[in-house]
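Source file: target.tsv. Holds: TSV, C-alpha atoms.
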```tsv
chain	number	residue	atom	x	y	z
A	1	MET	CA	7.39	4.57	12.18
A	2	ASN	CA	5.13	1.63	11.72
A	3	PHE	CA	3.55	-0.25	14.68
A	4	PRO	CA	1.34	-3.11	13.41
A	5	LYS	CA	-1.49	-3.71	15.89
A	6	GLU	CA	-1.43	-7.52	15.58
A	7	LEU	CA	2.13	-7.77	16.94
A	8	LYS	CA	3.57	-7.75	20.46
A	9	TYR	CA	6.76	-5.82	21.25
A	10	THR	CA	9.69	-5.68	23.67
A	11	ARG	CA	11.63	-2.83	25.25
A	12	THR	CA	14.67	-4.03	23.26
A	13	HIS	CA	12.75	-3.53	19.99
A	14	GLU	CA	11.87	-7.05	18.88
A	15	TRP	CA	8.42	-8.02	17.64
A	16	VAL	CA	6.40	-11.23	18.03
A	17	ARG	CA	3.66	-12.42	15.66
A	18	PHE	CA	1.71	-15.24	17.29
A	19	THR	CA	0.23	-17.85	14.98
A	20	ASP	CA	-1.41	-19.54	17.97
A	21	GLU	CA	-0.95	-19.49	21.75
A	22	LYS	CA	2.36	-21.38	21.70
A	23	THR	CA	3.87	-20.58	18.26
A	24	ALA	CA	5.21	-17.28	16.90
A	25	TYR	CA	7.54	-15.53	14.46
A	26	ILE	CA	10.18	-13.16	15.88
A	27	GLY	CA	11.88	-10.17	14.23
A	28	ILE	CA	13.15	-6.65	14.88
A	29	THR	CA	10.98	-3.56	14.74
A	30	ASP	CA	10.93	-0.72	12.25
A	31	PHE	CA	12.41	1.49	15.00
A	32	ALA	CA	15.29	-0.98	15.57
A	33	GLN	CA	16.24	-1.25	11.91
A	34	ASP	CA	16.06	2.54	11.57
A	35	GLN	CA	18.39	3.04	14.55
A	36	LEU	CA	20.82	0.36	13.33
A	37	GLY	CA	21.13	1.68	9.79
A	38	ASP	CA	21.83	-0.50	6.76
A	39	LEU	CA	22.08	-4.12	7.86
A	40	VAL	CA	24.81	-6.10	6.15
A	41	PHE	CA	24.99	-9.39	8.08
A	42	VAL	CA	22.83	-11.53	10.35
A	43	ASN	CA	23.96	-14.40	12.56
A	44	LEU	CA	21.00	-16.72	13.15
A	45	PRO	CA	20.49	-19.59	15.59
A	46	SER	CA	19.83	-23.18	14.48
A	47	GLU	CA	16.63	-25.17	14.48
A	48	GLY	CA	16.23	-26.86	17.85
A	49	ASP	CA	18.05	-24.10	19.76
A	50	ALA	CA	16.47	-22.98	23.01
A	51	LEU	CA	15.31	-19.38	23.39
A	52	THR	CA	15.17	-17.61	26.74
A	53	ALA	CA	13.18	-14.41	27.13
A	54	GLY	CA	15.53	-11.43	27.46
A	55	GLU	CA	18.64	-13.27	26.28
A	56	ALA	CA	20.44	-12.84	22.94
A	57	PHE	CA	19.65	-15.46	20.29
A	58	ALA	CA	21.04	-13.74	17.17
A	59	ASP	CA	23.06	-10.73	16.19
A	60	VAL	CA	23.00	-8.27	13.33
A	61	GLU	CA	25.77	-6.21	11.83
A	62	SER	CA	25.05	-2.84	10.34
A	63	VAL	CA	27.26	-0.17	8.87
A	64	LYS	CA	27.21	1.36	12.38
A	65	ALA	CA	27.71	-1.57	14.79
A	66	VAL	CA	27.09	-5.19	15.74
A	67	SER	CA	24.02	-5.61	17.94
A	68	ASP	CA	22.46	-8.53	19.78
A	69	VAL	CA	18.89	-9.53	19.06
A	70	ASN	CA	17.18	-10.62	22.29
A	71	SER	CA	14.48	-13.22	22.43
A	72	PRO	CA	11.14	-11.75	23.42
A	73	VAL	CA	9.93	-15.17	24.61
A	74	THR	CA	11.14	-18.49	26.00
A	75	GLY	CA	10.72	-21.41	23.60
A	76	THR	CA	12.41	-23.53	20.94
A	77	VAL	CA	13.47	-22.52	17.43
A	78	VAL	CA	11.54	-24.64	14.90
A	79	LYS	CA	12.27	-22.66	11.75
A	80	VAL	CA	15.02	-20.21	10.73
A	81	ASN	CA	14.65	-17.62	7.98
A	82	GLU	CA	17.74	-18.59	5.96
A	83	GLU	CA	16.80	-15.96	3.36
A	84	LEU	CA	18.18	-13.28	5.70
A	85	ALA	CA	21.67	-14.78	5.52
A	86	ASP	CA	21.81	-13.93	1.81
A	87	ALA	CA	19.72	-10.76	1.98
A	88	PRO	CA	20.06	-9.02	5.38
A	89	GLU	CA	18.81	-5.79	3.79
A	90	LYS	CA	15.28	-7.27	3.90
A	91	MET	CA	15.28	-6.33	7.60
A	92	ASN	CA	15.58	-2.68	6.55
A	93	GLU	CA	13.16	-2.94	3.63
A	94	THR	CA	10.33	-4.90	5.29
A	95	PRO	CA	11.07	-5.31	9.02
A	96	TYR	CA	7.69	-6.87	9.82
A	97	GLU	CA	7.99	-9.51	7.10
A	98	ALA	CA	11.71	-10.28	7.59
A	99	TRP	CA	11.36	-12.61	10.57
A	100	PHE	CA	14.40	-14.26	12.16
A	101	VAL	CA	12.91	-17.45	13.60
A	102	MET	CA	9.69	-19.27	14.27
A	103	ALA	CA	9.48	-20.53	17.85
A	104	GLU	CA	7.14	-22.95	19.59
A	105	ASP	CA	6.38	-24.08	23.14
A	106	ILE	CA	6.38	-20.39	24.01
A	107	SER	CA	6.25	-19.01	27.53
A	108	GLY	CA	7.63	-15.89	29.21
A	109	THR	CA	5.28	-13.48	27.46
A	110	GLU	CA	4.30	-11.34	30.45
A	111	ASP	CA	6.61	-8.44	29.55
A	112	LEU	CA	5.39	-8.05	25.95
A	113	MET	CA	3.70	-4.78	25.01
A	114	ASP	CA	0.86	-4.16	22.59
A	115	ALA	CA	1.34	-1.72	19.71
A	116	GLU	CA	-0.04	1.26	21.61
A	117	ALA	CA	2.24	0.72	24.62
A	118	TYR	CA	5.26	0.15	22.37
A	119	GLU	CA	4.56	3.29	20.35
A	120	GLU	CA	4.43	5.29	23.59
A	121	PHE	CA	7.66	3.60	24.79
A	122	VAL	CA	9.45	4.55	21.54
A	123	ARG	CA	8.16	8.11	21.73
A	124	THR	CA	9.32	8.42	25.37
A	125	GLU	CA	12.68	6.73	24.70
A	126	GLY	CA	13.31	8.92	21.65
A	127	ALA	CA	12.60	12.07	23.65
A	128	SER	CA	15.08	11.23	26.41
```
How would this structure read if it were set down as structure tokens?
Amino acid sequence: MNFPKELKYTRTHEWVRFTDEKTAYIGITDFAQDQLGDLVFVNLPSEGDALTAGEAFADVESVKAVSDVNSPVTGTVVKVNEELADAPEKMNETPYEAWFVMAEDISGTEDLMDAEAYEEFVRTEGAS
């Protein structure tokens, strides 16, 4: 598993890459894509949609199941990665480059984990 140090993580396996204090890209982690299996469809929000930390903002369909993607932060969608609609497999191939949305006016970041804490969470969760 890969846990890039520059990212922040959630207990529901999303990552956040901040470009500044109030703007960030959001995606799913290497662990999440591995658990989901081959992704075949993604349902993305629209630009201007509100995000609420801990609530679903997208969903992905894999060969195993349909799963919600929860927002790791509160904010507003300013950019959507439309490339994923045509190539959802990019989430499996390069999970830390295949971002879902770019959000701004971000708040609600207090529950985010750094890479070390997330790695320990995954190890503990996987063992239980």
Find the residues near Glu97 of chain A: any atom within 10 Å, counting only C-alpha atoms, skip ones fewer than 5 places away on the same chain, and give them as a PyMOL selection string. chain A and resi 25-28+90-91
List as a ChimeraX atom specification the protein and nucleic acid residues near Glu104 of chain A, meaning an atom at most 6 Å away when only C-alpha atoms are counted, but skip any in the same chain fewer than 3 places from it. /A:22-23,75-76
Using only C-alpha atoms for the distances, tell me which of A:Thr29, A:Asn43, A:Thr74, A:Thr52 is nearest to Glu14 of chain A.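 When distances to Glu14 of chain A are compared using only C-alpha atoms, the smallest one comes from A:Thr29.
The residue set within 9 Å of Phe3 of chain A, counting only C-alpha atoms and dropping same-chain residues fewer than 5 places from it, reads Thr29, Asp30, Ala115, Glu116, Tyr118 and Glu119 of chain A.
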Which polymer residues have any atom within 9 Å of an atom of Asp86 of chain A, counting only C-alpha atoms, with same-chain residues fewer than 4 positions away left out, as JSON, numbers by chain? {"A": [41, 42, 82]}
For a quick check of your reading of the model, name the residues lying within 12 Å of the coordinate (14.7, 0.7, 17.8), counting only C-alpha atoms, and write them as a PyMOL selection string. chain A and resi 1-3+9-15+27-37+67+69+92+95+118-119+121-123+125-126
Just write the chosen residues, C-alpha atoms, as a compact mmCIF listing (two decimals), in the coordinates of the input.
```txt
# COMPACT_ATOMS: atom_id res chain seq x y z
CA MET A 1 7.39 4.57 12.18
CA ASN A 2 5.13 1.63 11.72
CA PHE A 3 3.55 -0.25 14.68
CA TYR A 9 6.76 -5.82 21.25
CA THR A 10 9.69 -5.68 23.67
CA ARG A 11 11.63 -2.83 25.25
CA THR A 12 14.67 -4.03 23.26
CA HIS A 13 12.75 -3.53 19.99
CA GLU A 14 11.87 -7.05 18.88
CA TRP A 15 8.42 -8.02 17.64
CA GLY A 27 11.88 -10.17 14.23
CA ILE A 28 13.15 -6.65 14.88
CA THR A 29 10.98 -3.56 14.74
CA ASP A 30 10.93 -0.72 12.25
CA PHE A 31 12.41 1.49 15.00
CA ALA A 32 15.29 -0.98 15.57
CA GLN A 33 16.24 -1.25 11.91
CA ASP A 34 16.06 2.54 11.57
CA GLN A 35 18.39 3.04 14.55
CA LEU A 36 20.82 0.36 13.33
CA GLY A 37 21.13 1.68 9.79
CA SER A 67 24.02 -5.61 17.94
CA VAL A 69 18.89 -9.53 19.06
CA ASN A 92 15.58 -2.68 6.55
CA PRO A 95 11.07 -5.31 9.02
CA TYR A 118 5.26 0.15 22.37
CA GLU A 119 4.56 3.29 20.35
CA PHE A 121 7.66 3.60 24.79
CA VAL A 122 9.45 4.55 21.54
CA ARG A 123 8.16 8.11 21.73
CA GLU A 125 12.68 6.73 24.70
CA GLY A 126 13.31 8.92 21.65
```
Considering only C-alpha atoms, state which residue in the set A:Leu44, A:Ala87, A:Asp49, A:Asn81 is at the smallest distance from Asp68 of chain A.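 Checking each candidate against Asp68 of chain A, we get A:Leu44 as the closest.
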Can you work out which one of A:Ala53, A:Ala117, A:Glu93, A:Asp20 has the shortest atom-to-atom distance to Pro72 of chain A, counting all atoms listed in the file?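 Of all the options, A:Ala53 lies closest to Pro72 of chain A.
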Please report the interatomic distance between atom CA of Val16 of chain A and atom CA of Asp111 of chain A in Å with one decimal.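 Separation of atom CA of Val16 of chain A and atom CA of Asp111 of chain A: 11.9 Å.
Note that the spacing between atom CA of Phe100 of chain A and atom CA of Leu39 of chain A amounts to 13.4 Å.
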Can you pull out every residue within 6 Å of Met102 of chain A, counting only C-alpha atoms, but drop anything in the same chain fewer than 4 positions away, and send it as a list in words?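 Result of the neighbour search: Ala24, Tyr25, Val77, Val78 and Lys79 of chain A.
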Taking (22.6, -6.2, 10.7) in the file's own coordinates, collect the residues within 7 Å, counting only C-alpha atoms, and hand them back as a PDB file with C-alpha atoms, in the frame of the given file.
```pdb
ATOM      1  CA  ASP A  38      21.830  -0.500   6.760  1.00  0.00           C
ATOM      2  CA  LEU A  39      22.080  -4.120   7.860  1.00  0.00           C
ATOM      3  CA  VAL A  40      24.810  -6.100   6.150  1.00  0.00           C
ATOM      4  CA  PHE A  41      24.990  -9.390   8.080  1.00  0.00           C
ATOM      5  CA  VAL A  42      22.830 -11.530  10.350  1.00  0.00           C
ATOM      6  CA  VAL A  60      23.000  -8.270  13.330  1.00  0.00           C
ATOM      7  CA  GLU A  61      25.770  -6.210  11.830  1.00  0.00           C
ATOM      8  CA  SER A  62      25.050  -2.840  10.340  1.00  0.00           C
ATOM      9  CA  VAL A  66      27.090  -5.190  15.740  1.00  0.00           C
ATOM     10  CA  PRO A  88      20.060  -9.020   5.380  1.00  0.00           C
TER      11      PRO A  88
END
```
Length of the atom CA of Arg17 of chain A to atom CA of Val63 of chain A vector [Å]: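 That distance, rounded to one decimal, is 27.4 Å.
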Let me know the centre plus edge lengths, in Å and rounded to one decimal, of a box with edges along x, y and z that contains all listed atoms of segment 21-31 of chain A and is padded by 6 Å on every side, as JSON.
```
{"center_x": 6.1, "center_y": -9.9, "center_z": 17.0, "size_x": 26.1, "size_y": 34.9, "size_z": 21.5}
```
